[in-house]
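Reproduced below: entry.txt, with compact mmCIF, C-alpha atoms and all ligand atoms.
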# COMPACT_ATOMS: atom_id res chain seq x y z
CA MET L 15 10.74 39.24 -6.86
CA ARG L 16 7.68 37.25 -5.84
CA ARG L 17 8.96 34.46 -3.59
CA PHE L 18 7.46 31.02 -3.00
CA GLN L 19 8.01 28.75 -0.04
CA SER L 20 7.96 24.96 0.02
CA TYR L 21 6.70 22.90 2.92
CA LYS L 22 6.68 19.27 3.82
CA LEU L 23 3.06 18.10 3.79
CA GLU L 24 2.66 17.98 7.59
CA SER L 25 4.13 21.47 8.08
CA TYR L 26 1.96 22.87 5.32
CA LEU L 27 -1.16 21.57 7.08
CA GLU L 28 0.12 23.02 10.37
CA HIS L 29 0.71 26.33 8.62
CA LEU L 30 -2.79 26.28 7.14
CA LYS L 31 -4.33 25.55 10.56
CA SER L 32 -2.51 28.56 11.99
CA LEU L 33 -4.10 30.92 9.43
CA LYS L 34 -7.32 32.78 10.01
CA ILE L 35 -9.53 31.64 7.17
CA THR L 36 -12.03 34.35 6.29
CA ARG L 37 -13.95 32.73 3.44
CA GLU L 38 -15.93 29.54 3.10
CA ILE L 39 -14.02 26.69 1.45
CA LYS L 40 -16.05 23.66 0.34
CA ASP L 41 -14.68 22.56 -3.04
CA ILE L 42 -11.21 21.09 -3.42
CA HIS L 43 -10.11 21.59 -7.01
CA LEU L 44 -7.43 19.42 -8.57
CA HIS L 45 -5.33 20.21 -11.65
CA HIS L 46 -2.18 19.01 -13.30
CA THR L 47 0.13 21.62 -14.80
CA TRP L 48 0.62 19.68 -18.07
CA LYS L 49 3.54 22.08 -18.40
CA PRO L 50 5.88 22.36 -16.50
CA THR L 51 6.29 18.59 -16.58
CA LYS L 52 7.75 16.39 -13.86
CA LYS L 53 10.83 16.08 -16.01
CA GLY L 54 11.15 19.86 -16.26
CA TYR L 55 10.95 20.14 -12.49
CA HIS L 56 13.56 17.43 -11.98
CA LEU L 57 15.95 19.17 -14.39
CA ALA L 58 15.51 22.63 -12.85
CA SER L 59 18.46 23.53 -10.64
CA ASN L 60 16.36 26.10 -8.78
CA LYS L 61 12.98 24.57 -8.02
CA GLU L 62 11.43 27.84 -6.85
CA GLN L 63 12.05 29.19 -10.36
CA VAL L 64 9.58 26.62 -11.70
CA ILE L 65 6.81 28.03 -9.48
CA TYR L 66 7.96 31.55 -10.29
CA GLY L 67 7.66 30.71 -14.00
CA MET L 68 4.00 29.78 -13.49
CA TRP L 69 3.41 33.01 -11.55
CA LYS L 70 4.98 34.97 -14.39
CA TYR L 71 2.79 33.23 -16.96
CA HIS L 72 -0.39 33.72 -14.89
CA THR L 73 0.25 37.39 -14.09
CA GLU L 74 2.06 38.66 -17.18
CA THR L 75 0.64 36.55 -20.01
CA LEU L 76 -2.83 35.85 -18.64
CA GLY L 77 -3.11 39.09 -16.67
CA TRP L 78 -4.26 37.50 -13.41
CA GLN L 79 -3.69 39.29 -10.11
CA ASP L 80 -1.47 36.48 -8.77
CA ILE L 81 -0.56 32.85 -9.44
CA GLY L 82 -3.86 31.00 -9.98
CA GLN L 83 -3.58 28.15 -7.47
CA HIS L 84 -3.32 28.11 -3.69
CA VAL L 85 -0.73 25.35 -3.67
CA THR L 86 1.43 23.38 -6.07
CA VAL L 87 2.52 19.84 -5.24
CA SER L 88 5.82 18.99 -6.87
CA PRO L 89 7.16 15.54 -7.84
CA ASP L 90 9.36 15.46 -4.71
CA GLY L 91 6.20 15.63 -2.57
CA LEU L 92 6.72 19.24 -1.45
CA VAL L 93 3.81 21.65 -1.13
CA TRP L 94 4.58 25.10 -2.54
CA ASP L 95 2.49 28.02 -1.39
CA GLY L 96 0.78 30.23 -3.94
CA ARG L 97 -2.19 32.55 -3.94
CA ASP L 98 -3.37 33.73 -0.50
CA VAL L 99 -5.83 31.11 0.76
CA ASN L 100 -8.27 33.88 1.64
CA GLN L 101 -8.36 34.96 -2.00
CA VAL L 102 -10.61 33.20 -4.51
CA PRO L 103 -8.40 31.16 -6.90
CA ALA L 104 -8.29 31.33 -10.68
CA SER L 105 -9.16 27.66 -10.94
CA ILE L 106 -12.32 26.77 -12.87
CA MET L 107 -14.32 29.57 -14.42
CA GLY L 108 -17.67 29.96 -12.70
CA TYR L 109 -16.78 27.59 -9.83
CA ASN L 110 -14.11 29.51 -7.93
CA GLN L 111 -15.99 31.13 -5.05
CA LYS L 112 -15.67 28.29 -2.49
CA ALA L 113 -12.67 26.64 -4.04
CA PHE L 114 -9.24 25.65 -2.78
CA ALA L 115 -7.10 25.05 -5.84
CA ILE L 116 -4.31 22.45 -6.04
CA GLU L 117 -1.93 22.11 -8.98
CA MET L 118 0.17 18.99 -9.36
CA ILE L 119 3.31 19.44 -11.43
CA GLY L 120 3.24 16.90 -14.25
CA ASN L 121 1.42 15.77 -17.36
CA PHE L 122 -0.85 12.95 -16.22
CA ASP L 123 -2.55 12.30 -19.51
CA LYS L 124 -2.45 8.63 -20.56
CA GLY L 125 0.91 7.58 -21.91
CA GLN L 126 2.67 10.65 -20.52
CA GLU L 127 3.91 10.95 -16.95
CA VAL L 128 2.73 8.99 -13.91
CA LEU L 129 1.44 10.38 -10.62
CA GLU L 130 3.31 8.21 -8.10
CA GLY L 131 5.58 8.02 -5.08
CA ALA L 132 6.07 11.01 -2.80
CA GLN L 133 3.94 13.28 -4.97
CA TYR L 134 0.96 10.91 -5.02
CA GLU L 135 1.21 10.39 -1.28
CA ALA L 136 1.46 14.14 -0.62
CA VAL L 137 -1.57 14.91 -2.81
CA VAL L 138 -3.66 12.22 -1.10
CA LYS L 139 -2.66 13.41 2.38
CA LEU L 140 -3.16 17.04 1.42
CA ILE L 141 -6.72 16.36 0.25
CA GLN L 142 -7.42 14.29 3.40
CA GLY L 143 -6.14 17.23 5.48
CA LEU L 144 -8.24 19.76 3.56
CA PHE L 145 -11.34 17.57 3.89
CA ASP L 146 -10.77 17.43 7.65
CA LEU L 147 -10.01 21.11 8.05
CA PHE L 148 -12.84 22.45 5.92
CA LYS L 149 -15.36 19.74 6.86
CA THR L 150 -16.04 18.72 3.31
CA ASP L 151 -15.59 15.74 1.04
CA HIS L 152 -16.11 17.49 -2.24
CA LEU L 153 -13.27 16.84 -4.63
CA VAL L 154 -13.59 18.54 -8.02
CA PHE L 155 -11.54 17.56 -11.04
CA HIS L 156 -11.08 20.40 -13.52
CA ARG L 157 -12.63 18.21 -16.21
CA ASP L 158 -15.86 17.92 -14.17
CA HIS L 159 -16.68 21.43 -15.41
CA ALA L 160 -14.64 21.84 -18.59
CA SER L 161 -13.98 19.92 -21.79
CA LYS L 162 -10.44 19.10 -20.73
CA THR L 163 -8.66 16.02 -19.45
CA CYS L 164 -7.20 17.90 -16.44
CA PRO L 165 -5.94 16.65 -13.94
CA GLY L 166 -4.92 14.00 -16.47
CA SER L 167 -6.77 11.26 -18.33
CA SER L 168 -4.74 8.62 -16.44
CA LEU L 169 -6.42 9.59 -13.15
CA ASP L 170 -9.64 7.85 -12.24
CA LYS L 171 -11.69 9.92 -9.83
CA ALA L 172 -13.49 7.05 -8.09
CA MET L 173 -10.22 5.27 -7.45
CA PHE L 174 -8.65 8.47 -6.24
CA LEU L 175 -11.50 8.99 -3.78
CA ASP L 176 -11.20 5.40 -2.55
CA ARG L 177 -7.60 6.12 -1.73
CA ILE L 178 -8.43 9.40 0.00
CA HIS L 179 -11.21 7.84 2.03
CA ARG L 180 -8.84 5.13 3.09
CA LYS L 181 -10.77 2.02 2.28
CA VAL L 182 -9.36 -0.23 4.98
CA LYS L 183 -10.42 -3.88 5.10
CA ILE L 184 -11.62 -5.31 8.40
CA MET L 185 -10.30 -8.77 7.52
CA GLY L 186 -6.54 -9.19 7.58
CA THR L 187 -3.56 -9.20 9.92
CA ALA L 188 -3.06 -6.54 12.59
CA VAL L 189 -0.50 -3.90 11.65
CA ALA L 190 -0.22 -2.13 15.00
CA THR L 191 1.94 -3.75 17.66
CA HIS L 192 0.96 -4.72 21.19
CA SER L 193 3.06 -1.89 22.59
CA GLN L 194 1.57 0.74 20.28
CA MET L 195 -1.96 -0.27 21.29
CA LYS L 196 -1.00 -0.14 24.97
CA GLN L 197 0.84 3.17 24.72
CA TYR L 198 -2.04 4.90 23.00
CA LEU L 199 -4.74 3.63 25.36
CA LEU L 200 -2.73 4.63 28.44
CA SER L 201 -1.84 8.02 26.97
CA VAL L 202 -5.55 8.86 26.74
CA ASN L 203 -6.81 7.03 29.82
CA PRO L 204 -4.15 5.95 32.34
CA SER L 205 -6.66 3.94 34.40
CA PRO L 206 -9.00 1.97 32.13
CA LYS L 207 -11.84 0.13 33.89
CA LEU L 208 -11.07 -3.45 32.94
CA ASN L 209 -11.43 -6.88 34.54
CA SER L 210 -8.06 -7.90 33.17
CA SER L 211 -4.70 -6.21 32.75
CA VAL L 212 -4.32 -3.97 29.70
CA ASP L 213 -1.66 -6.38 28.40
CA ALA L 214 -3.98 -9.38 28.69
CA LEU L 215 -6.80 -7.57 26.91
CA ILE L 216 -4.52 -6.63 24.01
CA VAL L 217 -3.29 -10.22 23.75
CA TYR L 218 -6.93 -11.37 23.54
CA TYR L 219 -7.64 -8.90 20.72
CA LEU L 220 -4.57 -9.93 18.74
CA GLU L 221 -5.03 -13.68 19.33
CA GLU L 222 -8.78 -13.84 18.80
CA GLY L 223 -8.42 -11.58 15.76
CA ASP L 224 -5.73 -13.81 14.25
CA MET L 225 -7.85 -16.88 14.90
CA GLU L 226 -10.75 -15.45 12.86
CA GLY L 227 -8.71 -13.52 10.29
CA VAL L 228 -10.02 -10.20 11.65
CA ARG L 229 -7.61 -7.31 12.23
CA GLY L 230 -7.30 -7.26 16.02
CA ASP L 231 -5.91 -3.72 15.98
CA ILE L 232 -9.03 -2.45 14.19
CA ALA L 233 -11.31 -4.25 16.66
CA PHE L 234 -9.30 -2.79 19.53
CA ALA L 235 -9.59 0.73 18.05
CA GLN L 236 -13.33 0.16 17.79
CA ALA L 237 -13.46 -0.96 21.43
CA LEU L 238 -11.69 2.27 22.45
CA LYS L 239 -14.31 4.23 20.55
CA GLU L 240 -17.28 2.25 21.88
CA THR L 241 -16.22 2.35 25.54
CA GLY L 242 -14.68 5.83 25.57
CA PHE L 243 -11.23 4.33 26.13
CA PHE L 244 -12.71 2.04 28.80
CA ARG L 245 -14.11 4.89 30.87
CA TYR L 246 -17.62 3.66 30.01
CA GLY L 247 -20.42 5.90 31.28
CA GLY L 248 -23.02 4.79 28.70
CA ILE L 249 -25.41 1.85 28.75
CA VAL L 250 -22.74 -0.81 29.19
CA THR L 251 -20.92 -1.04 32.53
CA PRO L 252 -17.35 -2.30 33.01
CA ASP L 253 -18.40 -5.57 34.74
CA GLN L 254 -20.11 -6.79 31.54
CA ASN L 255 -16.87 -7.38 29.56
CA ASN L 256 -18.80 -6.03 26.60
CA TYR L 257 -16.32 -3.92 24.65
CA ALA L 258 -18.41 -3.11 21.61
CA GLY L 259 -21.84 -2.24 22.96
CA LEU L 260 -23.28 -5.58 21.79
CA GLY L 261 -27.01 -5.63 22.40
CA ALA L 262 -26.96 -2.17 23.93
CA LEU L 263 -29.51 -0.41 21.80
CA ALA L 264 -30.44 3.24 21.98
CA GLY L 265 -32.90 3.67 24.86
CA SER L 266 -31.52 0.74 26.89
CA LYS L 267 -30.84 1.34 30.58
CA PRO L 268 -27.36 1.10 32.14
CA GLY L 269 -26.43 -2.57 32.65
CA GLU L 270 -28.58 -3.77 29.78
CA GLY L 271 -26.97 -5.28 26.70
CA ALA L 272 -24.88 -8.42 26.55
CA SER L 273 -22.63 -9.64 29.39
CA PHE L 274 -19.72 -12.05 29.02
CA PRO L 275 -18.23 -14.29 31.73
CA THR L 276 -14.60 -13.33 31.05
CA PRO L 277 -12.72 -10.61 29.18
CA ARG L 278 -11.51 -13.14 26.60
CA ILE L 279 -15.05 -14.28 25.80
CA GLY L 280 -16.09 -10.63 25.57
CA VAL L 281 -13.33 -9.99 23.03
CA ARG L 282 -14.27 -13.17 21.13
CA ALA L 283 -17.88 -12.02 20.82
CA HIS L 284 -16.73 -8.62 19.56
CA ILE L 285 -14.41 -10.19 16.97
CA GLN L 286 -17.16 -12.55 15.81
CA HIS L 287 -19.63 -9.71 15.43
CA LEU L 288 -17.14 -7.66 13.42
CA LYS L 289 -16.35 -10.69 11.28
CA GLY L 290 -20.07 -11.13 10.64
CA TYR L 291 -20.22 -7.68 9.11
CA ALA L 292 -17.00 -8.12 7.15
CA THR L 293 -17.58 -11.53 5.56
CA LYS L 294 -20.11 -14.31 5.08
CA GLU L 295 -17.49 -16.82 6.20
CA PRO L 296 -18.70 -18.20 9.56
CA PRO L 297 -16.64 -17.90 12.78
CA LYS L 298 -14.13 -20.72 13.32
CA GLN L 299 -14.89 -21.01 17.02
CA PRO L 300 -18.32 -21.74 18.52
CA VAL L 301 -20.42 -18.59 18.35
CA VAL L 302 -20.51 -16.64 21.62
CA ASP L 303 -21.81 -13.43 20.05
CA PRO L 304 -25.49 -13.26 21.03
CA ARG L 305 -26.11 -10.85 18.13
CA TYR L 306 -24.56 -12.96 15.38
CA ALA L 307 -27.90 -14.55 14.50
CA VAL L 308 -29.46 -11.09 14.36
CA LEU L 309 -26.95 -10.08 11.69
CA GLN L 310 -27.64 -13.27 9.80
CA ASN L 311 -31.42 -12.86 9.89
CA ALA L 312 -31.19 -9.24 8.81
CA GLY L 313 -29.13 -10.26 5.76
CA LEU L 314 -26.20 -8.16 6.99
CA LEU L 315 -23.50 -10.86 6.87
CA GLY L 316 -20.59 -9.74 4.70
CA THR L 317 -22.13 -6.37 3.87
CA ALA L 318 -19.33 -4.26 5.42
CA PRO L 319 -15.92 -5.46 4.20
CA PHE L 320 -14.36 -2.02 4.79
CA VAL L 321 -14.24 -0.17 8.11
CA THR L 322 -16.21 2.79 6.75
CA ASP L 323 -18.93 0.41 5.51
CA LEU L 324 -19.94 0.09 9.18
CA ASN L 325 -21.46 3.58 8.94
CA GLY L 326 -25.21 3.28 9.10
CA LYS L 327 -24.93 -0.46 9.87
CA TRP L 328 -23.05 -1.06 13.10
CA ALA L 329 -23.91 2.47 14.14
CA VAL L 330 -27.08 4.25 12.99
CA PRO L 331 -27.08 6.88 11.56
CA GLY L 332 -23.34 6.44 12.06
CA LYS L 333 -22.01 9.12 9.74
CA ASP L 334 -18.22 9.18 10.27
CA TYR L 335 -18.39 6.12 12.56
CA GLY L 336 -15.80 4.15 10.58
CA GLU L 337 -13.71 7.28 10.01
CA GLY L 338 -13.61 7.69 13.81
CA ILE L 339 -12.25 4.15 14.19
CA LEU L 340 -9.62 4.81 11.51
CA LYS L 341 -8.56 8.01 13.25
CA ILE L 342 -7.96 6.08 16.46
CA LEU L 343 -6.07 3.43 14.47
CA ASP L 344 -3.88 6.18 12.98
CA LYS L 345 -3.07 7.46 16.46
CA ILE L 346 -2.18 3.95 17.59
CA LEU L 347 0.10 3.53 14.57
CA SER L 348 1.80 6.85 15.29
CA MET L 349 3.07 5.54 18.67
CA PRO L 350 6.80 4.80 18.65
CA LEU L 351 7.88 1.27 17.89
CA THR L 352 9.56 0.59 21.20
CA GLY L 353 8.67 -1.15 24.42
CA ASN L 354 7.43 -4.64 25.02
CA ASP L 355 7.42 -5.77 21.43
CA THR L 356 11.09 -5.45 20.85
CA VAL L 357 14.22 -6.69 22.52
CA PRO L 358 15.49 -3.66 24.47
CA GLY L 359 18.18 -1.86 22.54
CA ASN L 360 17.65 -3.90 19.42
CA GLN L 361 17.60 -0.87 17.16
CA MET L 362 18.13 -2.96 14.04
CA PHE L 363 14.87 -4.78 14.57
CA ILE L 364 12.99 -1.51 14.98
CA GLU L 365 14.66 -0.10 11.87
CA GLU L 366 13.76 -3.21 9.94
CA ILE L 367 10.08 -2.91 10.89
CA LYS L 368 10.13 0.73 9.86
CA GLN L 369 11.67 -0.08 6.51
CA LEU L 370 9.25 -2.92 5.90
CA ARG L 371 6.34 -0.60 6.63
CA GLU L 372 7.66 1.96 4.20
CA ARG L 373 8.03 -0.78 1.64
CA VAL L 374 4.45 -1.93 2.19
CA ALA L 375 3.26 1.67 1.71
CA ALA L 376 5.26 1.96 -1.51
CA LEU L 377 3.92 -1.37 -2.77
CA GLU L 378 0.36 -0.29 -2.02
CA MET L 379 0.89 2.69 -4.26
CA GLU L 380 2.35 0.46 -6.97
CA ILE L 381 -0.75 -1.73 -6.70
CA ASP L 382 -2.93 1.35 -7.15
CA ARG L 383 -0.97 2.21 -10.27
CA TYR L 384 -1.44 -1.24 -11.75
CA LYS L 385 -5.14 -1.19 -10.89
CA LEU L 386 -5.43 2.07 -12.75
CA LEU L 387 -3.47 0.71 -15.68
CA PHE L 388 -5.71 -2.35 -15.78
CA HIS L 389 -8.78 -0.13 -15.54
CA ASN L 390 -7.57 2.01 -18.42
CA ILE L 391 -6.69 -0.99 -20.57
CA SER L 392 -10.06 -2.65 -20.02
CA HIS L 393 -11.70 0.64 -20.85
CA GLN L 394 -9.72 0.82 -24.08
CA ILE L 395 -10.62 -2.75 -24.95
CA GLN L 396 -14.29 -1.96 -24.43
CA THR L 397 -14.01 1.14 -26.59
CA PHE L 398 -12.21 -0.91 -29.24
CA GLN L 399 -14.87 -3.62 -29.18
CA ARG L 400 -17.60 -1.06 -29.70
CA GLN L 401 -15.96 0.20 -32.89
ZN ZN O 1 -6.79 22.22 -14.81

So, in terms of structure tokens, how does the structure I just supplied come out?
Amino acid sequence: MRRFQSYKLESYLEHLKSLKITREIKDIHLHHTWKPTKKGYHLASNKEQVIYGMWKYHTETLGWQDIGQHVTVSPDGLVWDGRDVNQVPASIMGYNQKAFAIEMIGNFDKGQEVLEGAQYEAVVKLIQGLFDLFKTDHLVFHRDHASKTCPGSSLDKAMFLDRIHRKVKIMGTAVATHSQMKQYLLSVNPSPKLNSSVDALIVYYLEEGDMEGVRGDIAFAQALKETGFFRYGGIVTPDQNNYAGLGALAGSKPGEGASFPTPRIGVRAHIQHLKGYATKEPPKQPVVDPRYAVLQNAGLLGTAPFVTDLNGKWAVPGKDYGEGILKILDKILSMPLTGNDTVPGNQMFIEEIKQLRERVAALEMEIDRYKLLFHNISHQIQTFQRQ
């Protein structure tokens, strides 16, 4: 009997990385099964049988050489293997050559089942992982090339891509803790070249960020990127307390660019500059960022509310600049929640933070669902009004 194996998302990506990929993969195809439904999967006592059933249909009824898709994501968030990744899938006729095909179990047409929870999260993370691995950002819905609703008329592609590209707002409250920021910096560079202690610098980022409503953890991640984890070596030198390359333009000599009298003022200037990109709302404290007026005159104030909007603005050409910051932020957030932030041994507190974070993640997904619902309803109203 043809067997199928299920993986948790992270182990599936590990597994994929361990394979030797012998063909070019550029297009990530997304389908819903329509049948089997989520309900059918939930009711099945042997989940592998559900995948086996699809294999049987594809090979025996349709006469394909193997199950059509490379993976199937089930409602419990598991990733089931399928056709050999080095084989072209039976995904969308005429578009299969460079495709990686994903099936999601469920019927996601409007009014039917809902893509949510563990399955939604797994699909989003799977596509992020495939984008990374295959250096692409090309997501294809089956309906892009066929007169079908697949992967479901309830899914909005633009919104789906927003989620995958992690639109993260610069304004807001820091999510990472002091200890996570410290742990990650020191794990990469144990001796950062700073004119303050690491602890003091992190306090400045969190305090100055809070003061202006800017996420201090994002600004800190950006500083790590800009200074090479405070190793420097570019135009800016450590004595300048300039953590974001302010005024250091391409072609400048070492030591050029802005200098700040203290680390705190350097952080303040960085936060103000970031705020300038994120919002038109002026800084609350007197402006110490020598480049703030430049932003203003160039009409750039408030033009980059999301981290990835900095691409081509803060950094030119800056492709992947914001993504690089978000990757560092992810690493920071993956540090264990222990250390200076918590009372030693207070496991309950740590657990509580963990649970709250999980709840926030779940709520974010709920919000996405409601946004989609709202989007669909307004679309229907518009259609109705046109009739
Ligand atoms: Zn399809």

Atom CA of L:Glu222 to atom CA of L:Pro297, distance in Å rounded to a single decimal: 10.7 Å

Dump as a tab-separated table the rows for residues of stretch 25-102 of chain L within 7 Å of stretch 111-124 of chain L: closest atom pair and distance in Å with one decimal, only C-alpha atoms counted, ordered by chain and rising residue number.
residue	atom	partner	partner_atom	distance
L:Glu38	CA	L:Lys112	CA	5.7
L:Ile39	CA	L:Lys112	CA	4.6
L:Lys40	CA	L:Lys112	CA	5.4
L:Asp41	CA	L:Ala113	CA	4.7
L:Ile42	CA	L:Phe114	CA	5.0
L:His43	CA	L:Ala115	CA	4.7
L:Leu44	CA	L:Ile116	CA	5.0
L:His45	CA	L:Glu117	CA	4.7
L:His46	CA	L:Met118	CA	4.6
L:Thr47	CA	L:Ile119	CA	5.1
L:Trp48	CA	L:Asn121	CA	4.1
L:Lys49	CA	L:Gly120	CA	6.6
L:Pro50	CA	L:Ile119	CA	6.4
L:Thr51	CA	L:Gly120	CA	4.2
L:Lys52	CA	L:Gly120	CA	4.6
L:Gln83	CA	L:Ala115	CA	5.0
L:His84	CA	L:Ala115	CA	5.3
L:Val85	CA	L:Ile116	CA	5.2
L:Thr86	CA	L:Glu117	CA	4.6
L:Val87	CA	L:Met118	CA	4.8
L:Ser88	CA	L:Ile119	CA	5.2
L:Pro89	CA	L:Ile119	CA	6.6
L:Val102	CA	L:Gln111	CA	5.8

Close residues, L:Val281 itself excluded, 10 Å, only C-alpha atoms, min 5 positions apart in chain, as number ranges by chain: L: 215-216, 218-223, 230, 233-234, 237, 255-258, 274, 276, 286-287, 302-303

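Between atom CA of L:Phe18 and atom CA of L:Lys70 the separation is 12.3 Å.
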
Best match for closeness to L:Thr191 among L:Val217, L:Ala312, L:Ala375, L:Ala329, counting only C-alpha atoms: L:Val217

Selected residue of minimal separation from L:Ser193 among L:Ala214, L:Leu238, L:Met173, L:Met107, counting all atoms listed in the file: L:Ala214

Within 7 Å of L:Val250 using all atoms listed in the file, minus same-chain residues under 4 positions, as a PyMOL selection string: chain L and resi 246+254+259+262+268-271

Minimum-distance residue to ligand ZN 1 (chain O), chosen among L:Ile106, L:Ala283, L:Leu377, L:Val182 (using all atoms listed in the file): L:Ile106

Residues near L:Ile81, cut-off 9 Å, all atoms listed in the file, skip fewer than 3 positions along chain, as a PyMOL selection string: chain L and resi 65-66+68-73+78+84+96-97+103-104

Store the residues picked out above, limited to C-alpha atoms, as a short mmCIF file (atom, residue, chain, number, x, y, z; two decimals), in the coordinates of the input.
data_model
loop_
_atom_site.label_atom_id
_atom_site.label_comp_id
_atom_site.auth_asym_id
_atom_site.auth_seq_id
_atom_site.Cartn_x
_atom_site.Cartn_y
_atom_site.Cartn_z
CA ILE L 65 6.81 28.03 -9.48
CA TYR L 66 7.96 31.55 -10.29
CA MET L 68 4.00 29.78 -13.49
CA TRP L 69 3.41 33.01 -11.55
CA LYS L 70 4.98 34.97 -14.39
CA TYR L 71 2.79 33.23 -16.96
CA HIS L 72 -0.39 33.72 -14.89
CA THR L 73 0.25 37.39 -14.09
CA TRP L 78 -4.26 37.50 -13.41
CA HIS L 84 -3.32 28.11 -3.69
CA GLY L 96 0.78 30.23 -3.94
CA ARG L 97 -2.19 32.55 -3.94
CA PRO L 103 -8.40 31.16 -6.90
CA ALA L 104 -8.29 31.33 -10.68
#

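Separating atom CA of L:Glu380 from atom CA of L:Lys171 is a distance of 17.2 Å.
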
Size and centre in Å, one decimal, axis-aligned box, all listed stretch 50-67 of chain L atoms plus 6 Å per side, as lines of an AutoDock Vina configuration file:
center_x = 12.2
center_y = 23.8
center_z = -11.7
size_x = 24.6
size_y = 27.5
size_z = 21.7

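Among the candidates L:Pro206, L:Pro165, L:Gly143, L:Pro300, the one nearest to ligand ZN 1 (chain O) when counting only C-alpha atoms and all ligand atoms is L:Pro165.
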
Contact residues around L:Asn203 with all atoms listed in the file at 9 Å, ignoring same-chain residues under 4 positions, as an NGL selection string: :L and (198-199 or 243-245)

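Counting all atoms listed in the file and comparing L:Lys239, L:Leu324, L:Glu130, L:Ser273, the residue that lies closest to L:Ile381 is L:Glu130.
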
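When only C-alpha atoms and all ligand atoms are used to compute distances to ligand ZN 1 (chain O), the closest of the residues L:Val128, L:Val154, L:Leu27, L:Ile178 turns out to be L:Val154.
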
Within 8 Å of L:Gln194 using only C-alpha atoms, minus same-chain residues under 4 positions, as number ranges by chain: L: 190, 198, 346-351

Within-12 Å shell of (0.9, 1.2, -1.5) in input frame, only C-alpha atoms, as a PyMOL selection string: chain L and resi 130-132+134-135+138+177+180+370-385
